[in-house]
Structures are given as structure tokens and as C-alpha cells.
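File shown here: input09.txt, holding compact mmCIF, C-alpha atoms and all ligand atoms.
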# COMPACT_ATOMS: atom_id res chain seq x y z
CA MET Y 164 -35.40 81.97 -34.86
CA SER Y 165 -33.71 84.66 -32.75
CA LEU Y 166 -35.57 86.91 -30.34
CA LEU Y 167 -35.09 89.89 -32.65
CA ASP Y 168 -36.62 88.06 -35.60
CA ALA Y 169 -39.51 86.98 -33.48
CA GLN Y 170 -40.32 90.52 -32.41
CA THR Y 171 -40.85 91.63 -36.04
CA GLU Y 172 -43.56 89.05 -36.63
CA PRO Y 173 -47.09 90.27 -35.92
CA GLY Y 174 -48.65 86.94 -34.80
CA PRO Y 175 -46.97 86.25 -31.48
CA LYS Y 176 -46.79 89.97 -30.52
CA SER Y 177 -49.18 89.78 -27.61
CA PHE Y 178 -47.55 86.54 -26.46
CA LEU Y 179 -44.16 88.28 -26.53
CA ARG Y 180 -45.47 91.29 -24.63
CA ARG Y 181 -47.00 89.08 -21.97
CA TYR Y 182 -43.90 86.93 -21.50
CA ARG Y 183 -41.30 89.63 -22.22
CA VAL Y 184 -39.69 89.40 -18.76
CA LEU Y 185 -39.64 85.62 -18.84
CA LEU Y 186 -38.02 85.59 -22.29
CA VAL Y 187 -35.37 88.10 -21.23
CA VAL Y 188 -34.53 86.00 -18.17
CA LEU Y 189 -34.38 82.84 -20.29
CA GLY Y 190 -32.14 84.61 -22.82
CA LEU Y 191 -29.80 85.88 -20.12
CA THR Y 192 -29.62 82.42 -18.53
CA VAL Y 193 -28.64 80.86 -21.85
CA ALA Y 194 -26.10 83.64 -22.48
CA ILE Y 195 -24.52 83.20 -19.03
CA ALA Y 196 -24.35 79.44 -19.47
CA LEU Y 197 -22.63 79.89 -22.84
CA LEU Y 198 -20.27 82.68 -21.77
CA ASP Y 199 -19.58 81.32 -18.30
CA PRO Y 200 -19.49 77.54 -18.41
CA PHE Y 201 -17.67 77.34 -15.07
CA GLY Y 202 -20.38 79.20 -13.19
CA PHE Y 203 -18.18 82.08 -11.98
CA MET Y 204 -20.93 84.69 -12.38
CA SER Y 205 -24.05 82.62 -12.00
CA GLY Y 206 -23.06 81.28 -8.59
CA ARG Y 207 -23.67 77.73 -9.72
CA THR Y 208 -21.40 75.37 -7.78
CA GLU Y 209 -20.12 71.89 -8.43
CA GLU Y 210 -21.89 70.93 -5.22
CA ALA Y 211 -25.05 70.58 -7.22
CA ARG Y 212 -23.59 67.56 -8.94
CA ILE Y 213 -22.19 65.56 -6.05
CA ARG Y 214 -23.50 63.04 -3.58
CA ILE Y 215 -21.85 62.35 -0.23
CA VAL Y 216 -21.88 58.75 0.99
CA ARG Y 217 -20.75 57.72 4.45
CA VAL Y 218 -18.30 54.81 4.15
CA ALA Y 219 -17.38 54.45 7.83
CA ALA Y 220 -18.03 56.23 11.11
CA GLY Y 221 -16.88 56.08 14.71
CA LEU Y 222 -13.19 56.78 14.02
CA GLU Y 223 -11.41 58.81 16.69
CA TYR Y 224 -9.75 61.82 15.09
CA PRO Y 225 -8.85 60.12 11.80
CA TRP Y 226 -5.77 61.77 10.25
CA GLY Y 227 -4.48 59.92 7.18
CA LEU Y 228 -6.02 57.65 4.55
CA ALA Y 229 -4.37 55.36 2.00
CA PHE Y 230 -5.64 52.81 -0.50
CA LEU Y 231 -4.18 49.33 -0.78
CA PRO Y 232 -3.94 47.82 -4.29
CA ASN Y 233 -7.09 45.73 -3.63
CA GLY Y 234 -9.09 48.88 -2.81
CA ASP Y 235 -9.12 48.36 0.96
CA MET Y 236 -8.37 51.50 2.96
CA LEU Y 237 -5.96 52.09 5.82
CA VAL Y 238 -6.93 54.93 8.16
CA THR Y 239 -4.89 56.31 11.04
CA GLU Y 240 -6.50 57.57 14.23
CA ARG Y 241 -4.45 60.30 15.91
CA PRO Y 242 -4.55 58.69 19.39
CA GLY Y 243 -2.40 55.89 17.93
CA ARG Y 244 -4.48 53.27 16.15
CA LEU Y 245 -4.34 51.99 12.57
CA ARG Y 246 -7.68 50.85 11.18
CA ILE Y 247 -8.71 49.05 8.00
CA ILE Y 248 -11.82 49.29 5.87
CA ARG Y 249 -12.21 45.95 4.07
CA GLY Y 250 -14.63 45.71 1.18
CA GLY Y 251 -16.20 48.97 2.28
CA LYS Y 252 -16.68 47.92 5.93
CA LEU Y 253 -14.69 49.22 8.89
CA ASP Y 254 -13.05 46.38 10.83
CA GLU Y 255 -13.98 46.73 14.49
CA SER Y 256 -10.53 45.73 15.75
CA TRP Y 257 -7.40 47.75 15.07
CA ILE Y 258 -4.25 46.55 13.35
CA PRO Y 259 -1.64 45.38 15.87
CA GLY Y 260 2.00 46.49 15.70
CA VAL Y 261 1.77 50.30 15.91
CA PRO Y 262 4.25 51.64 18.50
CA GLN Y 263 3.44 53.97 21.37
CA VAL Y 264 2.86 57.52 20.15
CA VAL Y 265 2.87 60.86 21.96
CA GLU Y 266 -0.72 62.07 21.89
CA LYS Y 267 -0.76 65.74 22.72
CA GLU Y 268 -2.15 68.83 20.98
CA GLN Y 269 -1.65 68.06 17.25
CA ALA Y 270 0.78 65.21 17.91
CA GLY Y 271 -0.05 61.51 17.63
CA LEU Y 272 -0.27 58.92 14.89
CA MET Y 273 -0.52 60.89 11.68
CA ASP Y 274 -0.07 59.96 8.04
CA VAL Y 275 -0.04 56.61 6.23
CA ALA Y 276 1.39 55.81 2.79
CA ILE Y 277 1.67 52.61 0.75
CA HIS Y 278 4.89 51.73 -1.06
CA PRO Y 279 4.42 52.06 -4.85
CA ARG Y 280 5.56 48.41 -5.12
CA PHE Y 281 3.48 47.21 -2.15
CA ALA Y 282 2.40 44.10 -4.09
CA GLU Y 283 6.07 42.95 -4.09
CA ASN Y 284 7.36 44.15 -0.72
CA GLY Y 285 4.31 44.70 1.51
CA PHE Y 286 5.74 47.97 2.88
CA ILE Y 287 3.59 50.64 4.47
CA TYR Y 288 4.77 53.88 6.09
CA LEU Y 289 3.44 55.80 9.07
CA THR Y 290 4.39 59.12 10.62
CA TYR Y 291 3.96 59.61 14.34
CA SER Y 292 5.15 61.72 17.26
CA LYS Y 293 7.94 59.92 19.06
CA GLN Y 294 8.83 60.41 22.71
CA GLY Y 295 12.39 61.57 23.52
CA ARG Y 296 13.58 65.08 24.31
CA GLY Y 297 9.94 66.09 24.14
CA ASP Y 298 8.39 64.78 20.92
CA THR Y 299 9.42 64.80 17.27
CA PRO Y 300 8.00 63.49 13.99
CA ALA Y 301 9.26 60.00 13.11
CA LEU Y 302 8.83 57.90 9.96
CA LEU Y 303 8.14 54.22 10.44
CA ARG Y 304 8.26 51.45 7.85
CA ALA Y 305 6.58 48.08 8.39
CA ARG Y 306 5.31 45.13 6.44
CA PHE Y 307 1.56 44.69 6.35
CA ASP Y 308 0.33 41.16 5.69
CA GLY Y 309 -3.34 42.10 5.64
CA ASN Y 310 -3.79 41.59 9.38
CA ARG Y 311 -0.83 42.92 11.34
CA LEU Y 312 2.37 44.97 11.09
CA THR Y 313 5.70 43.13 11.22
CA ASP Y 314 9.33 44.29 10.73
CA VAL Y 315 8.35 47.60 12.35
CA HIS Y 316 11.26 50.07 12.26
CA ASP Y 317 11.76 53.81 12.63
CA ILE Y 318 13.64 54.57 9.43
CA PHE Y 319 13.91 58.30 10.11
CA ILE Y 320 13.56 60.42 13.26
CA ALA Y 321 13.46 64.16 12.61
CA ASP Y 322 15.62 66.54 14.62
CA ALA Y 323 12.65 68.76 15.45
CA TRP Y 324 12.14 68.20 19.17
CA SER Y 325 9.63 70.19 21.15
CA ASP Y 326 7.49 69.89 24.26
CA SER Y 327 4.64 71.70 22.52
CA GLY Y 328 3.04 68.82 20.63
CA GLY Y 329 2.33 71.46 17.97
CA ASN Y 330 3.27 72.31 14.36
CA THR Y 331 4.22 68.74 13.62
CA GLY Y 332 3.64 68.65 9.86
CA SER Y 333 4.15 64.89 9.26
CA ARG Y 334 2.42 64.47 5.89
CA ILE Y 335 4.15 61.95 3.57
CA VAL Y 336 3.87 61.21 -0.12
CA PHE Y 337 5.82 59.14 -2.65
CA GLY Y 338 7.08 61.19 -5.58
CA ASN Y 339 7.18 59.93 -9.17
CA ASP Y 340 10.93 59.56 -8.50
CA GLY Y 341 10.18 56.85 -5.92
CA MET Y 342 11.37 59.07 -3.04
CA ILE Y 343 9.40 59.84 0.11
CA TYR Y 344 8.64 63.49 0.74
CA MET Y 345 7.91 64.23 4.41
CA SER Y 346 6.79 67.51 5.93
CA VAL Y 347 7.95 68.74 9.33
CA GLY Y 348 6.49 71.85 11.00
CA ASP Y 349 8.48 74.56 12.76
CA ARG Y 350 7.43 73.28 16.24
CA HIS Y 351 6.35 76.85 17.13
CA VAL Y 352 9.97 78.08 16.90
CA PRO Y 353 9.79 80.13 13.67
CA ARG Y 354 13.54 80.80 13.30
CA LEU Y 355 14.18 77.04 12.99
CA ALA Y 356 12.51 77.11 9.55
CA GLN Y 357 15.43 79.20 8.19
CA ASP Y 358 18.09 77.22 10.09
CA LEU Y 359 19.36 74.34 7.95
CA THR Y 360 21.04 72.53 10.86
CA ASN Y 361 17.70 70.95 11.94
CA HIS Y 362 14.61 69.45 10.27
CA ALA Y 363 11.91 71.80 11.62
CA GLY Y 364 9.96 73.90 9.10
CA LYS Y 365 11.17 71.79 6.17
CA ILE Y 366 10.12 69.35 3.49
CA LEU Y 367 12.46 66.34 3.53
CA ARG Y 368 13.33 63.91 0.73
CA LEU Y 369 14.22 60.35 1.67
CA ARG Y 370 14.81 57.00 0.02
CA ASP Y 371 12.24 54.29 0.75
CA ASP Y 372 14.53 53.00 3.53
CA GLY Y 373 14.84 56.43 5.17
CA THR Y 374 18.38 57.16 3.93
CA VAL Y 375 19.47 60.28 2.03
CA PRO Y 376 19.36 60.27 -1.80
CA ASP Y 377 22.68 61.36 -3.36
CA ASP Y 378 20.94 64.00 -5.51
CA ASN Y 379 19.28 65.93 -2.65
CA PRO Y 380 19.91 69.69 -3.05
CA PHE Y 381 22.13 70.19 0.01
CA VAL Y 382 24.10 66.94 -0.02
CA GLY Y 383 27.80 67.58 0.69
CA GLN Y 384 27.32 71.02 2.26
CA SER Y 385 28.66 71.41 5.78
CA ASN Y 386 26.28 72.31 8.61
CA VAL Y 387 23.22 71.48 6.52
CA ARG Y 388 20.97 68.47 7.07
CA PRO Y 389 21.20 66.46 3.83
CA GLU Y 390 17.55 65.29 4.06
CA ILE Y 391 16.30 68.86 3.40
CA PHE Y 392 14.45 69.37 0.11
CA THR Y 393 12.88 72.79 0.85
CA TYR Y 394 12.84 75.12 3.87
CA GLY Y 395 10.97 78.11 5.28
CA ASN Y 396 7.76 76.03 5.53
CA ARG Y 397 5.81 76.84 8.71
CA ASN Y 398 3.44 73.92 9.35
CA PRO Y 399 2.94 71.87 6.20
CA GLN Y 400 -0.05 69.56 6.58
CA GLY Y 401 -0.72 68.80 2.93
CA LEU Y 402 1.52 67.24 0.27
CA THR Y 403 0.50 65.79 -3.06
CA VAL Y 404 2.11 64.79 -6.33
CA ASP Y 405 0.64 65.34 -9.76
CA PRO Y 406 1.13 61.85 -11.22
CA ARG Y 407 1.04 63.28 -14.75
CA THR Y 408 4.02 65.60 -14.27
CA GLY Y 409 5.65 64.64 -10.97
CA GLY Y 410 4.98 68.20 -9.74
CA LEU Y 411 4.92 68.43 -5.96
CA PHE Y 412 2.35 70.65 -4.23
CA GLU Y 413 2.42 71.55 -0.54
CA ASN Y 414 0.11 73.48 1.76
CA GLU Y 415 0.94 74.99 5.11
CA HIS Y 416 -0.69 76.79 7.99
CA GLY Y 417 0.26 80.42 8.37
CA PRO Y 418 0.09 82.04 11.81
CA ARG Y 419 -3.10 84.17 11.98
CA GLY Y 420 -3.84 84.39 8.26
CA GLY Y 421 -1.34 83.58 5.56
CA ASP Y 422 -2.07 79.91 4.89
CA GLU Y 423 -0.44 78.94 1.60
CA ILE Y 424 -0.24 76.47 -1.28
CA ASN Y 425 3.29 76.19 -2.69
CA PHE Y 426 4.80 74.43 -5.68
CA LEU Y 427 7.93 72.76 -4.33
CA GLN Y 428 11.29 72.92 -6.06
CA ALA Y 429 14.53 71.44 -4.78
CA GLY Y 430 16.57 73.67 -2.48
CA ARG Y 431 14.15 76.60 -2.51
CA ASN Y 432 13.27 78.82 0.46
CA TYR Y 433 9.53 79.38 1.03
CA GLY Y 434 10.09 82.33 3.29
CA TRP Y 435 8.71 81.64 6.76
CA PRO Y 436 9.13 83.67 9.01
CA VAL Y 437 11.06 86.27 6.97
CA ILE Y 438 8.12 86.85 4.63
CA THR Y 439 4.48 86.04 5.39
CA TYR Y 440 0.95 87.20 4.66
CA GLY Y 441 -0.06 86.45 8.25
CA ILE Y 442 0.27 88.11 11.65
CA ASN Y 443 0.78 86.74 15.17
CA TYR Y 444 -2.18 85.14 16.92
CA ASN Y 445 -2.22 88.08 19.38
CA GLY Y 446 -2.54 90.50 16.45
CA SER Y 447 1.03 91.82 16.53
CA ILE Y 448 3.09 92.14 13.36
CA ILE Y 449 5.63 89.42 12.47
CA THR Y 450 7.06 91.34 9.52
CA ASN Y 451 5.81 93.79 6.95
CA GLU Y 452 7.70 91.92 4.23
CA ARG Y 453 5.51 89.93 1.86
CA GLU Y 454 8.21 89.06 -0.66
CA ARG Y 455 11.94 89.05 -0.96
CA PRO Y 456 14.36 88.07 -3.74
CA GLY Y 457 15.48 84.46 -3.34
CA MET Y 458 12.27 83.47 -1.56
CA GLU Y 459 9.34 81.74 -3.23
CA GLN Y 460 5.83 83.15 -3.43
CA PRO Y 461 2.85 80.87 -2.74
CA LEU Y 462 0.49 79.95 -5.60
CA VAL Y 463 -2.31 81.21 -3.38
CA TYR Y 464 -2.62 82.44 0.21
CA TRP Y 465 -5.61 82.75 2.50
CA VAL Y 466 -6.41 85.58 4.91
CA PRO Y 467 -8.23 84.73 7.11
CA SER Y 468 -6.87 81.23 7.56
CA ILE Y 469 -8.79 78.18 6.37
CA GLY Y 470 -6.51 75.73 8.24
CA PRO Y 471 -5.42 73.62 5.24
CA SER Y 472 -4.71 69.94 5.77
CA GLY Y 473 -4.61 66.86 3.50
CA MET Y 474 -4.52 67.66 -0.21
CA ALA Y 475 -5.06 65.72 -3.43
CA ILE Y 476 -4.80 66.51 -7.11
CA TYR Y 477 -7.71 65.02 -9.00
CA THR Y 478 -6.86 62.91 -12.05
CA GLY Y 479 -9.85 60.55 -12.24
CA ASP Y 480 -12.64 60.13 -14.79
CA ARG Y 481 -15.72 60.33 -12.56
CA PHE Y 482 -15.54 64.15 -12.47
CA PRO Y 483 -14.07 65.14 -15.87
CA GLN Y 484 -14.54 68.85 -15.04
CA TRP Y 485 -12.30 68.45 -11.96
CA LYS Y 486 -9.26 67.02 -13.76
CA GLY Y 487 -6.06 68.70 -12.58
CA ASN Y 488 -7.82 70.55 -9.73
CA LEU Y 489 -6.35 70.60 -6.24
CA PHE Y 490 -8.60 69.63 -3.33
CA VAL Y 491 -7.64 70.84 0.14
CA GLY Y 492 -9.23 69.83 3.43
CA ALA Y 493 -9.98 72.93 5.52
CA LEU Y 494 -10.00 72.46 9.29
CA ALA Y 495 -10.88 75.92 10.63
CA GLY Y 496 -12.75 76.66 7.39
CA THR Y 497 -14.89 73.49 7.75
CA HIS Y 498 -15.07 72.78 4.03
CA LEU Y 499 -13.29 71.06 1.16
CA ARG Y 500 -11.53 73.64 -0.99
CA ARG Y 501 -11.48 73.10 -4.74
CA VAL Y 502 -8.63 75.04 -6.35
CA VAL Y 503 -8.58 75.29 -10.15
CA LEU Y 504 -5.15 75.72 -11.69
CA ASP Y 505 -4.06 76.93 -15.09
CA GLY Y 506 -0.50 75.65 -15.03
CA LEU Y 507 0.73 77.08 -11.73
CA ARG Y 508 -1.79 79.92 -11.69
CA VAL Y 509 -4.86 79.68 -9.45
CA ILE Y 510 -7.81 80.82 -11.58
CA HIS Y 511 -10.81 79.76 -9.49
CA GLU Y 512 -11.70 78.48 -6.03
CA GLU Y 513 -14.79 76.87 -4.62
CA ARG Y 514 -15.89 75.68 -1.19
CA LEU Y 515 -17.48 72.23 -1.12
CA LEU Y 516 -19.13 70.30 1.75
CA ARG Y 517 -19.97 73.51 3.61
CA GLU Y 518 -23.32 72.08 4.70
CA LEU Y 519 -21.54 69.35 6.71
CA ASN Y 520 -19.86 71.99 8.91
CA GLN Y 521 -16.99 69.56 9.62
CA ARG Y 522 -13.24 70.06 9.98
CA ILE Y 523 -11.81 68.21 6.95
CA ARG Y 524 -8.50 66.51 7.80
CA ASP Y 525 -7.61 64.58 4.68
CA VAL Y 526 -8.72 64.07 1.09
CA ARG Y 527 -7.59 61.35 -1.31
CA GLN Y 528 -8.64 60.10 -4.69
CA GLY Y 529 -9.81 56.50 -4.61
CA PRO Y 530 -9.03 53.87 -7.27
CA ASP Y 531 -12.70 54.26 -8.33
CA GLY Y 532 -12.12 57.91 -9.28
CA CYS Y 533 -14.19 59.22 -6.35
CA LEU Y 534 -12.81 61.54 -3.68
CA TYR Y 535 -12.62 60.35 -0.07
CA VAL Y 536 -12.41 62.70 2.90
CA LEU Y 537 -11.84 62.32 6.63
CA ASN Y 538 -13.33 64.69 9.16
CA ASP Y 539 -11.42 65.66 12.27
CA SER Y 540 -13.78 64.64 15.03
CA SER Y 541 -14.02 62.37 18.08
CA TYR Y 542 -16.64 60.52 16.00
CA GLY Y 543 -14.83 60.84 12.68
CA GLU Y 544 -16.05 59.53 9.36
CA VAL Y 545 -14.79 58.43 5.97
CA LEU Y 546 -16.97 60.05 3.33
CA ARG Y 547 -17.06 59.35 -0.40
CA ILE Y 548 -17.85 62.11 -2.87
CA GLU Y 549 -19.38 60.66 -6.02
CA PRO Y 550 -21.29 62.09 -8.97
CA ARG Y 551 -24.98 62.51 -8.27
CA CA U 1 5.73 81.16 2.34

Please express the file's structure as C-alpha cells.
Amino acid sequence: MSLLDAQTEPGPKSFLRRYRVLLVVLGLTVAIALLDPFGFMSGRTEEARIRIVRVAAGLEYPWGLAFLPNGDMLVTERPGRLRIIRGGKLDESWIPGVPQVVEKEQAGLMDVAIHPRFAENGFIYLTYSKQGRGDTPALLRARFDGNRLTDVHDIFIADAWSDSGGNTGSRIVFGNDGMIYMSVGDRHVPRLAQDLTNHAGKILRLRDDGTVPDDNPFVGQSNVRPEIFTYGNRNPQGLTVDPRTGGLFENEHGPRGGDEINFLQAGRNYGWPVITYGINYNGSIITNERERPGMEQPLVYWVPSIGPSGMAIYTGDRFPQWKGNLFVGALAGTHLRRVVLDGLRVIHEERLLRELNQRIRDVRQGPDGCLYVLNDSSYGEVLRIEPR
């Protein structure tokens, strides 16, 4: 029986009059739920459905997180330690074999990745800031036997030297093509991001032994570093691959404002510092140009900055409504950003974990289909997000 039908009947007339407001509210609620299942208008958030469980605590500035095939987790601490969470419990001692790192500003021990065929070769990968002419991001490969690192080698050292300890990038991810994608920041020298004779302000593509794949976009060109996959990337701190399509998503810090998510394509120029939606930290203008032919536009940009860091695309079954969404750790924004895509179009965004008021450094999907996040703190934690 619809509301209109009901109003024509004499019996419940007084009831209807008395509860008219209540019925209208109920009707509107049902209508909004039907018309707006994603909660855009009603303000309902996915936060209502999640529970946050602390897996480990007492980590010093945790930076990167990776899952071993048996479900154990490796976690880097920026001051230079590699830790392991075995069977859900943080091992008190750290894994021996990590080399000396430069710990300064944003520099230190950064990301960790597991070789897709780890079960056969035991390889893990770490990025860290290496001492030399100042510091630069380096990629290390080692074998992990469950207790210690052996066969520890730098397989790639970026030409992105700086004394600043800043804009290091250093996120790594294996593509569906079996290649390693590694981000390197502009080291606070913006023009380097458009200069193809160095590795600063770039995304690099490397074989699993650190050498250059023959099909990289600039291979064979003179005065261009052959490791370059994309350029014009200011300080990329998030990289993730959609395992369903192989699509590669990147996020980067703008200056003041102008943080971005980009969809990466071989050989493309992402614009920094020729085009940007941000301004200098002191408020002065970098450029008035927001777009230019031959330069890629971000999928989304944020003014003011949220400080994007680790990023994951959700493909699990525990949160069916999140399938295909991007999750971005926000440092300055102190939340976990949920970004809903329709193809390559951003159609909705949501801030999660706001109540924690923590800088979120990394987010990964676990083998159990839950999301795991690290917070950037001297007493950092690993938190699991699971359905309530
Ligand atoms: Ca850009």
C-alpha cells in the first residue's frame, strides 16, 4: 500500500495526521536509500561498516609494508630497520642484513616489495637513501630466508643526488609485466623533473635484477637515461598496479596544493614544474599554466594538499562495495582517502579513519582481503581495517 492510497482510507486518518511528519521522513529516507545507494547525499559513510584492529605497535616511523606468501608481514622503519610480523605478532628483534641508510628529513629506509616468484627465489627488495655525493634513492635486492638477509646487493642507484634528504620518492611495485617500477622525487630541484639526463622527478622501469628492459620508452635515445618510464613527477610517494588490468597508478606531492593521482603511460610527461595546480610554499606563483599539449592531466588533484603516500587498489572480497577503488594514505590530511573510479574518471571520494587523527604512510591489501595501514609516528602501528 502506498502512502497516497493510505491517505484515502478513512480508518487510519487520525493515525496518519498524528504521524504525518514521521511518515514523510521515513518515506524520504527510503527514497534517498533507493536513489542514492552510495550515500552521496545522505552523508552516510563507509566508516560505519568498518572496524579497526591494531596488529602491531611500537614501530618507529614505519614506511613500507609487504606480505610474504605465508601471510607474514615485512615492515620497514625509516631509521633503517626491517621488522617482521609473524603469525600476527611483531618480532621484537629486527632482521639483520640491512645496510647503513642516510636518515635525514624524509630520507631513510623506505619501501619493501616481495618478488612475485618469492617462493622460488627468496628475493625481497628495499629502497633506501644511500650516502655518496649527498644522498640518493637506491634499490637493494636480497634473499630472505625467514630470519636474515643474505646476498645483499644494490641493483640500482639513482642519479638523483641531493644534500636535502627531501623529495625522495622511493616507492616500488612489481607490474603485471614482471618489471619493477620505482619512483624518484625531484630532490627539491624542480627543473630536474623535465631533464631526462638524470633520474630525479621520474618513474623508472627496471628488470628484477636492476637492469634496463629493452622495451623501455627511451631506450636507444642519446642523452636520455634508459631507465625512465615517465617524467615530470614531483615527489611520487604512491604507486600501485591494478592486477586485473596491469594499469599503473601513481600519486605525488605537489608543492603547496596540487597533489595528484596520475595514470602512468610509457614515455609520458606529467608536467611538473611546467604545469601545476599548486603554488610555492611561500605563496608565490610557480606558473599560471594548468595544462599544456603533450603533458598529462592528473585523474584528480587536491588543493589544499592532503600529502598522499602509499596507495593500493582494492580487489578483495571482504568489502565488495570497494572493489576497484583506490585507497591513498594522507599524511598532512591525517586520513585514508577512498577514491572511487569509473574507468579513469574519479566519481566519488571519501575520507576514512579521520577519528584516528594519524598521518597515514602506507596502505596495502592483505591476502585476507582486509586493508592494512601504517601510521607515520615515532610509535607507529600496523592497523587492519575489516568489516564490522
Ligand atoms: Ca602533474

Hey, which residues come within 12 Å of ligand CA 1 (chain U) if we count all atoms listed in the file? Could you give them as a PyMOL selection string?
chain Y and resi 356-357+364-365+393-399+413-418+420-427+431-441+452-455+457-465

Nearest residue to Glu283 in chain Y out of Y:Pro232, Y:Thr374, Y:Ala475, Y:Gln269, using only C-alpha atoms?
Y:Pro232

For range 316-326 of chain Y, find every residue with an atom within 9 Å (counting only C-alpha atoms), except residues of its own chain fewer than 3 positions away, and show them as a ChimeraX atom specification.
/Y:293,295-305,313,329,331,347-352,355,360-364,369,371-374

Selection as a list in words: residues within 12 Å of (10.6, 60.3, -8.8), counting all atoms listed in the file
Pro279, Val336, Phe337, Gly338, Asn339, Asp340, Gly341, Met342, Ile343, Tyr344, Arg368, Leu369, Arg370, Asp371, Pro376, Asp378, Val404, Asp405, Pro406, Arg407, Thr408, Gly409, Gly410 and Leu411 of chain Y

Point-to-point distance from CA of Arg217 in chain Y to CA of Met236 in chain Y, Å rounded to tenths:
13.9 Å

Spatial neighbours of range 219-229 of chain Y, 10 Å, only C-alpha atoms, chain gap at least 2 places, as a ChimeraX atom specification
/Y:216-217,231-232,234-248,251-255,271-277,287,289-290,334-335,472-473,523-529,535-547

Identify which of the residues Y:Leu519, Y:Val502, Y:Val265, Y:Leu534 lies closest to Arg481 in chain Y, counting all atoms listed in the file when measuring atom-to-atom distances.
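Selected residue with least distance to Arg481 in chain Y: Y:Leu534.
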
Of the candidates Y:Gly430, Y:Val218, Y:Arg551, Y:Phe230, which shows the shortest atom-to-atom distance to Pro530 in chain Y, using all atoms listed in the file?
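Answer, going by the shortest atom-to-atom distance: Y:Phe230.
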
Distance CA of Leu312 in chain Y-CA of Trp257 in chain Y, one decimal place?
10.9 Å

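CA of Ile391 in chain Y to CA of Ile448 in chain Y spans 28.6 Å [interatomic distance, one decimal].
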
Centre, edges in Å (one decimal): axis-aligned box, range 365-377 of chain Y, 6 Å padding on all six sides, as AutoDock Vina command-line options:
--center_x 16.4 --center_y 62.4 --center_z 1.4 --size_x 24.6 --size_y 30.8 --size_z 21.5

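Considering only C-alpha atoms, the residue among Y:Gly260, Y:Ile215, Y:Ile449, Y:Val491 positioned nearest to Glu518 in chain Y is Y:Ile215.
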
Calculated over all atoms listed in the file, which of the candidates Y:Pro380, Y:Gly506, Y:Pro262, Y:Gly401 has the smallest distance to Gln428 in chain Y?
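Nearest candidate to Gln428 in chain Y out of Y:Pro380, Y:Gly506, Y:Pro262, Y:Gly401: Y:Pro380.
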
Kindly output range 366-387 of chain Y as a PDB file, in the frame of the given file, after building N, CA and C atoms.
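That gives us result13.pdb:
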ATOM      1  N   ILE Y 366      10.571  70.549   4.187  1.00  0.00           N
ATOM      2  CA  ILE Y 366      10.120  69.350   3.490  1.00  0.00           C
ATOM      3  C   ILE Y 366      11.375  68.515   3.260  1.00  0.00           C
ATOM      4  N   LEU Y 367      11.312  67.234   3.627  1.00  0.00           N
ATOM      5  CA  LEU Y 367      12.460  66.340   3.530  1.00  0.00           C
ATOM      6  C   LEU Y 367      12.257  65.368   2.374  1.00  0.00           C
ATOM      7  N   ARG Y 368      13.379  64.897   1.823  1.00  0.00           N
ATOM      8  CA  ARG Y 368      13.330  63.910   0.730  1.00  0.00           C
ATOM      9  C   ARG Y 368      14.197  62.726   1.120  1.00  0.00           C
ATOM     10  N   LEU Y 369      13.568  61.552   1.155  1.00  0.00           N
ATOM     11  CA  LEU Y 369      14.220  60.350   1.670  1.00  0.00           C
ATOM     12  C   LEU Y 369      14.034  59.186   0.706  1.00  0.00           C
ATOM     13  N   ARG Y 370      15.009  58.255   0.742  1.00  0.00           N
ATOM     14  CA  ARG Y 370      14.810  57.000   0.020  1.00  0.00           C
ATOM     15  C   ARG Y 370      13.752  56.165   0.757  1.00  0.00           C
ATOM     16  N   ASP Y 371      13.310  55.087   0.127  1.00  0.00           N
ATOM     17  CA  ASP Y 371      12.240  54.290   0.750  1.00  0.00           C
ATOM     18  C   ASP Y 371      12.709  53.531   1.991  1.00  0.00           C
ATOM     19  N   ASP Y 372      14.038  53.586   2.276  1.00  0.00           N
ATOM     20  CA  ASP Y 372      14.530  53.000   3.530  1.00  0.00           C
ATOM     21  C   ASP Y 372      14.942  54.080   4.529  1.00  0.00           C
ATOM     22  N   GLY Y 373      14.597  55.334   4.236  1.00  0.00           N
ATOM     23  CA  GLY Y 373      14.840  56.430   5.170  1.00  0.00           C
ATOM     24  C   GLY Y 373      16.214  57.078   5.022  1.00  0.00           C
ATOM     25  N   THR Y 374      17.052  56.569   4.121  1.00  0.00           N
ATOM     26  CA  THR Y 374      18.380  57.160   3.930  1.00  0.00           C
ATOM     27  C   THR Y 374      18.305  58.331   2.954  1.00  0.00           C
ATOM     28  N   VAL Y 375      19.436  59.037   2.819  1.00  0.00           N
ATOM     29  CA  VAL Y 375      19.470  60.280   2.030  1.00  0.00           C
ATOM     30  C   VAL Y 375      19.827  59.980   0.576  1.00  0.00           C
ATOM     31  N   PRO Y 376      19.002  60.426  -0.380  1.00  0.00           N
ATOM     32  CA  PRO Y 376      19.360  60.270  -1.800  1.00  0.00           C
ATOM     33  C   PRO Y 376      20.575  61.142  -2.143  1.00  0.00           C
ATOM     34  N   ASP Y 377      21.447  60.635  -3.004  1.00  0.00           N
ATOM     35  CA  ASP Y 377      22.680  61.360  -3.360  1.00  0.00           C
ATOM     36  C   ASP Y 377      22.377  62.695  -4.055  1.00  0.00           C
ATOM     37  N   ASP Y 378      21.222  62.789  -4.728  1.00  0.00           N
ATOM     38  CA  ASP Y 378      20.940  64.000  -5.510  1.00  0.00           C
ATOM     39  C   ASP Y 378      20.056  64.994  -4.750  1.00  0.00           C
ATOM     40  N   ASN Y 379      19.989  64.889  -3.416  1.00  0.00           N
ATOM     41  CA  ASN Y 379      19.280  65.930  -2.650  1.00  0.00           C
ATOM     42  C   ASN Y 379      20.018  67.262  -2.775  1.00  0.00           C
ATOM     43  N   PRO Y 380      19.291  68.390  -2.704  1.00  0.00           N
ATOM     44  CA  PRO Y 380      19.910  69.690  -3.050  1.00  0.00           C
ATOM     45  C   PRO Y 380      21.056  70.121  -2.148  1.00  0.00           C
ATOM     46  N   PHE Y 381      21.086  69.680  -0.891  1.00  0.00           N
ATOM     47  CA  PHE Y 381      22.130  70.190   0.010  1.00  0.00           C
ATOM     48  C   PHE Y 381      23.174  69.135   0.367  1.00  0.00           C
ATOM     49  N   VAL Y 382      23.140  68.010  -0.329  1.00  0.00           N
ATOM     50  CA  VAL Y 382      24.100  66.940  -0.020  1.00  0.00           C
ATOM     51  C   VAL Y 382      25.531  67.466  -0.197  1.00  0.00           C
ATOM     52  N   GLY Y 383      26.389  67.190   0.797  1.00  0.00           N
ATOM     53  CA  GLY Y 383      27.800  67.580   0.690  1.00  0.00           C
ATOM     54  C   GLY Y 383      28.111  68.935   1.283  1.00  0.00           C
ATOM     55  N   GLN Y 384      27.052  69.714   1.645  1.00  0.00           N
ATOM     56  CA  GLN Y 384      27.320  71.020   2.260  1.00  0.00           C
ATOM     57  C   GLN Y 384      27.482  70.848   3.766  1.00  0.00           C
ATOM     58  N   SER Y 385      28.445  71.568   4.339  1.00  0.00           N
ATOM     59  CA  SER Y 385      28.660  71.410   5.780  1.00  0.00           C
ATOM     60  C   SER Y 385      27.590  72.175   6.546  1.00  0.00           C
ATOM     61  N   ASN Y 386      27.265  71.678   7.721  1.00  0.00           N
ATOM     62  CA  ASN Y 386      26.280  72.310   8.610  1.00  0.00           C
ATOM     63  C   ASN Y 386      24.890  72.417   8.009  1.00  0.00           C
ATOM     64  N   VAL Y 387      24.567  71.525   7.073  1.00  0.00           N
ATOM     65  CA  VAL Y 387      23.220  71.480   6.520  1.00  0.00           C
ATOM     66  C   VAL Y 387      22.754  70.027   6.571  1.00  0.00           C
TER      67      VAL Y 387
END
